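**Student:** Sharing a structure with you now.
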Amino acid sequence: MQICWLLLFATLLLGSTIQALQVLYREENGVKTAVYLSPKFVLGAGSVENKFYHNVDFPKGHIALKEFSAEVVDDKGISVPLHETYLHHWVIARYYALTTDSGEHELKTLMVRNSGVCHNTLGQYFGLGSETRHTDTYVPDPYGIEVGNPADLPDGYVERWFLNVHAIDTRGVVDRLGCTECKCDLYNITRDEFDRPLRSDYIGGLLCCYDQTQCRLREGFQSIKRNLYLKYTVKWVDWVDTLVPVKIYIFDVTDTGEREGVASNSVGVASNSVAVTAQMGCKVEYEVEPCGVSGASSNGCLDIKKASIVMPKGGYVIYGVAHQHSGGIVSALYGEDGRMICTSRAIYGEGKEAGNEAGYIVGMTTCYPQPGSVKISDGESLVLESNYSSSKMHTGVMGLFYLLIAEQPPNNILIHLQETTKFPNYSWALMFLGVTIAFVAGFSYLRRNERNEGYQSLG
């Protein structure tokens, strides 16, 4: 009888492992941390998950977001390597829903987008892909991403968050890279998820690996389905007036600059078919032709793509990072005068374990400039550059760039500058005496050198 109870307890413990992970909370030095799980999704070999989950677990109240990280785990909470389940991307976005709507049946929602120019395609607050485990996302002090301010809520609405997870199971597939790059022939796709025919020149990308599609498997491979989750960790602090708010900007190297102005609602967010100034030029993905095909070989096997983007509202750069896919090398953002604003390089794995998978981008380097040192002006024309290896063709690649911008420097920087220019009364006397001595010494030196044949130029 005792053995039966032990077996039952062990079974319940194993079965509740993932449930125990669903809400882990801690607080340290005022920074709060919570670990959540997305709804369960099931993947078999070669299958695709690309779902949107509304009203997901997220911290409540008027807060400042400090960090957001995520990864795919199995039902035991163990990290799943990219060569088994490739995380194409995850994004989390903010929206308002009617207080009378449940999380499952939301009749009307208002999208609260970031401050970037790609409103119709890139409205998220956070989002990464295979690089998620080794890409810093923390927001340094005294900055924070302000959310949950009750003064911003329209009457009759509550703030909620939705999560999009795009994962591809590559166990047993005939071509791992081809499946992760969503090549249409491997998925046997000629029409998109809305049953619209694809362009004849569309070889691969998001339109061919939508939810529930299937990538080609090796003959005879036995598919085993498994339960997976996106585990996401949020860090935040309660909002106080000493915090400096930052705004999120996401740029896209495929941005052609096309704009279509449409009506906007009173809160400046999208409401069903109503949107703020829509961005038609951000295509999100593009193809990299293999070197030699295009005839441009001066750069070797390097594909260089650039876009000119106008910064709608300037400020001080607090953080920057790029998002690239396999084959990506480096991405950079330049100012109008050619100055470097931020460079972000791809980090590739070298092993088999989760977080170090050989051949996959497992991280992107980030930029954290000294506060107040890098400024972008209102309306400044920026240049975004994305470099990929073109030793082979790549489909469905991306060249995104995330920036956090503070419109004003923190008060402590201004105070520090003011303090460094203040001198006690006796210091002015010492300074005057020092300047006088230096002048006399310098004059004597010059008179002495005038009698020489000449003196060496400072140049």
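Chain labels run A, B, ... following the order of the structure tokens; each chain numbers its residues from 1, and ligands are numbered from 1 in the order shown.
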Could you list, as a PyMOL selection string, every residue within 7 Å of stretch 158-169 of chain A, counting only C-alpha atoms and ignoring same-chain residues fewer than 4 positions away?
**Tutor:** chain A and resi 43-56+84-99+148+153+180
**Student:** Any chance you can output those residues with N, CA, C and O atoms as a tab-separated table (two decimals), in the first residue's frame?
**Tutor:**
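Dumped to part-v3.tsv:
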```
chain	number	residue	atom	x	y	z
A	43	LEU	N	4.10	19.62	-31.20
A	43	LEU	CA	4.81	19.53	-32.47
A	43	LEU	C	5.29	18.10	-32.72
A	43	LEU	O	5.85	17.46	-31.84
A	44	GLY	N	5.05	17.63	-33.95
A	44	GLY	CA	5.64	16.40	-34.42
A	44	GLY	C	6.77	16.73	-35.37
A	44	GLY	O	6.98	17.90	-35.71
A	45	ALA	N	7.50	15.74	-35.81
A	45	ALA	CA	8.64	15.98	-36.71
A	45	ALA	C	8.20	16.73	-37.95
A	45	ALA	O	7.24	16.33	-38.63
A	46	GLY	N	8.87	17.85	-38.25
A	46	GLY	CA	8.59	18.63	-39.45
A	46	GLY	C	7.41	19.56	-39.36
A	46	GLY	O	7.14	20.30	-40.31
A	47	SER	N	6.70	19.56	-38.25
A	47	SER	CA	5.49	20.39	-38.16
A	47	SER	C	5.81	21.80	-37.68
A	47	SER	O	6.90	22.09	-37.19
A	48	VAL	N	4.82	22.69	-37.84
A	48	VAL	CA	5.02	24.11	-37.57
A	48	VAL	C	3.95	24.62	-36.61
A	48	VAL	O	2.77	24.29	-36.73
A	49	GLU	N	4.38	25.44	-35.66
A	49	GLU	CA	3.49	26.17	-34.75
A	49	GLU	C	3.66	27.66	-35.01
A	49	GLU	O	4.78	28.19	-34.98
A	50	ASN	N	2.56	28.34	-35.33
A	50	ASN	CA	2.60	29.79	-35.50
A	50	ASN	C	1.27	30.37	-35.06
A	50	ASN	O	0.43	30.75	-35.88
A	51	LYS	N	1.08	30.42	-33.73
A	51	LYS	CA	-0.20	30.84	-33.17
A	51	LYS	C	-0.05	32.14	-32.39
A	51	LYS	O	1.04	32.52	-31.98
A	52	PHE	N	-1.20	32.81	-32.21
A	52	PHE	CA	-1.27	34.03	-31.42
A	52	PHE	C	-2.10	33.74	-30.17
A	52	PHE	O	-3.24	33.28	-30.28
A	53	TYR	N	-1.52	33.99	-29.02
A	53	TYR	CA	-2.18	33.73	-27.74
A	53	TYR	C	-2.51	35.07	-27.08
A	53	TYR	O	-1.60	35.82	-26.72
A	54	HIS	N	-3.80	35.35	-26.91
A	54	HIS	CA	-4.23	36.61	-26.32
A	54	HIS	C	-4.41	36.48	-24.81
A	54	HIS	O	-4.63	35.40	-24.27
A	55	ASN	N	-4.27	37.63	-24.15
A	55	ASN	CA	-4.46	37.73	-22.71
A	55	ASN	C	-3.55	36.76	-21.95
A	55	ASN	O	-3.99	36.05	-21.05
A	56	VAL	N	-2.27	36.75	-22.31
A	56	VAL	CA	-1.32	35.87	-21.64
A	56	VAL	C	-0.93	36.47	-20.29
A	56	VAL	O	-1.14	37.66	-20.02
A	84	GLU	N	16.44	20.68	-32.88
A	84	GLU	CA	15.22	19.88	-32.73
A	84	GLU	C	13.98	20.73	-32.99
A	84	GLU	O	13.13	20.38	-33.80
A	85	THR	N	13.88	21.85	-32.28
A	85	THR	CA	12.79	22.81	-32.51
A	85	THR	C	13.40	24.18	-32.74
A	85	THR	O	13.97	24.79	-31.82
A	86	TYR	N	13.30	24.65	-33.97
A	86	TYR	CA	13.87	25.94	-34.34
A	86	TYR	C	12.88	27.04	-33.97
A	86	TYR	O	11.72	27.02	-34.40
A	87	LEU	N	13.34	28.00	-33.17
A	87	LEU	CA	12.49	29.13	-32.80
A	87	LEU	C	12.66	30.22	-33.85
A	87	LEU	O	13.62	31.00	-33.80
A	88	HIS	N	11.75	30.26	-34.81
A	88	HIS	CA	11.82	31.25	-35.88
A	88	HIS	C	11.69	32.65	-35.30
A	88	HIS	O	12.48	33.54	-35.60
A	89	HIS	N	10.69	32.83	-34.45
A	89	HIS	CA	10.55	34.08	-33.72
A	89	HIS	C	9.49	33.95	-32.64
A	89	HIS	O	8.63	33.08	-32.68
A	90	TRP	N	9.60	34.80	-31.68
A	90	TRP	CA	8.51	35.07	-30.74
A	90	TRP	C	8.38	36.59	-30.62
A	90	TRP	O	9.37	37.31	-30.69
A	91	VAL	N	7.18	37.07	-30.45
A	91	VAL	CA	6.96	38.49	-30.20
A	91	VAL	C	5.88	38.62	-29.13
A	91	VAL	O	4.98	37.78	-29.02
A	92	ILE	N	5.99	39.67	-28.34
A	92	ILE	CA	4.94	39.97	-27.37
A	92	ILE	C	4.51	41.41	-27.58
A	92	ILE	O	5.34	42.31	-27.76
A	93	ALA	N	3.20	41.62	-27.62
A	93	ALA	CA	2.65	42.93	-27.94
A	93	ALA	C	1.58	43.31	-26.93
A	93	ALA	O	0.95	42.46	-26.29
A	94	ARG	N	1.35	44.59	-26.84
A	94	ARG	CA	0.43	45.16	-25.85
A	94	ARG	C	-0.84	45.63	-26.55
A	94	ARG	O	-0.78	46.15	-27.67
A	95	TYR	N	-1.96	45.46	-25.88
A	95	TYR	CA	-3.22	45.93	-26.46
A	95	TYR	C	-4.23	46.21	-25.36
A	95	TYR	O	-4.04	45.82	-24.19
A	96	TYR	N	-5.30	46.92	-25.72
A	96	TYR	CA	-6.40	47.20	-24.80
A	96	TYR	C	-7.61	46.37	-25.24
A	96	TYR	O	-7.89	46.25	-26.44
A	97	ALA	N	-8.31	45.81	-24.27
A	97	ALA	CA	-9.53	45.05	-24.54
A	97	ALA	C	-10.65	45.59	-23.65
A	97	ALA	O	-10.40	46.16	-22.58
A	98	LEU	N	-11.88	45.42	-24.10
A	98	LEU	CA	-13.03	45.86	-23.31
A	98	LEU	C	-13.06	45.11	-21.98
A	98	LEU	O	-12.79	43.91	-21.92
A	99	THR	N	-13.40	45.83	-20.93
A	99	THR	CA	-13.47	45.19	-19.61
A	99	THR	C	-14.52	44.09	-19.57
A	99	THR	O	-14.44	43.18	-18.74
A	148	GLY	N	1.09	50.16	-18.31
A	148	GLY	CA	0.12	50.04	-17.22
A	148	GLY	C	-0.29	51.34	-16.58
A	148	GLY	O	-0.89	51.34	-15.49
A	153	LEU	N	-5.34	54.58	-20.21
A	153	LEU	CA	-6.39	53.63	-20.59
A	153	LEU	C	-7.64	54.34	-21.08
A	153	LEU	O	-8.16	55.23	-20.40
A	180	THR	N	13.98	25.65	-41.91
A	180	THR	CA	13.97	26.85	-41.06
A	180	THR	C	13.86	28.12	-41.89
A	180	THR	O	13.39	29.14	-41.38
```
**Student:** Within 9 Å of A:Phe41, counting only C-alpha atoms, which residues qualify if same-chain residues fewer than 3 places away don't, as a VMD selection string?
**Tutor:** chain A and resid 38 49 51 226 to 230
**Student:** Once DSSP has gone over the backbone, tell me which residues of stretch 26-174 of chain A are in helix (DSSP H, G or I), as an NGL selection string.
**Tutor:** :A and (130-134 or 150-152)
**Student:** So what do you get for atom CA of A:Val31 versus atom CA of A:His134, distance-wise?
**Tutor:**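 Here the two named atoms are 20.9 Å from each other.
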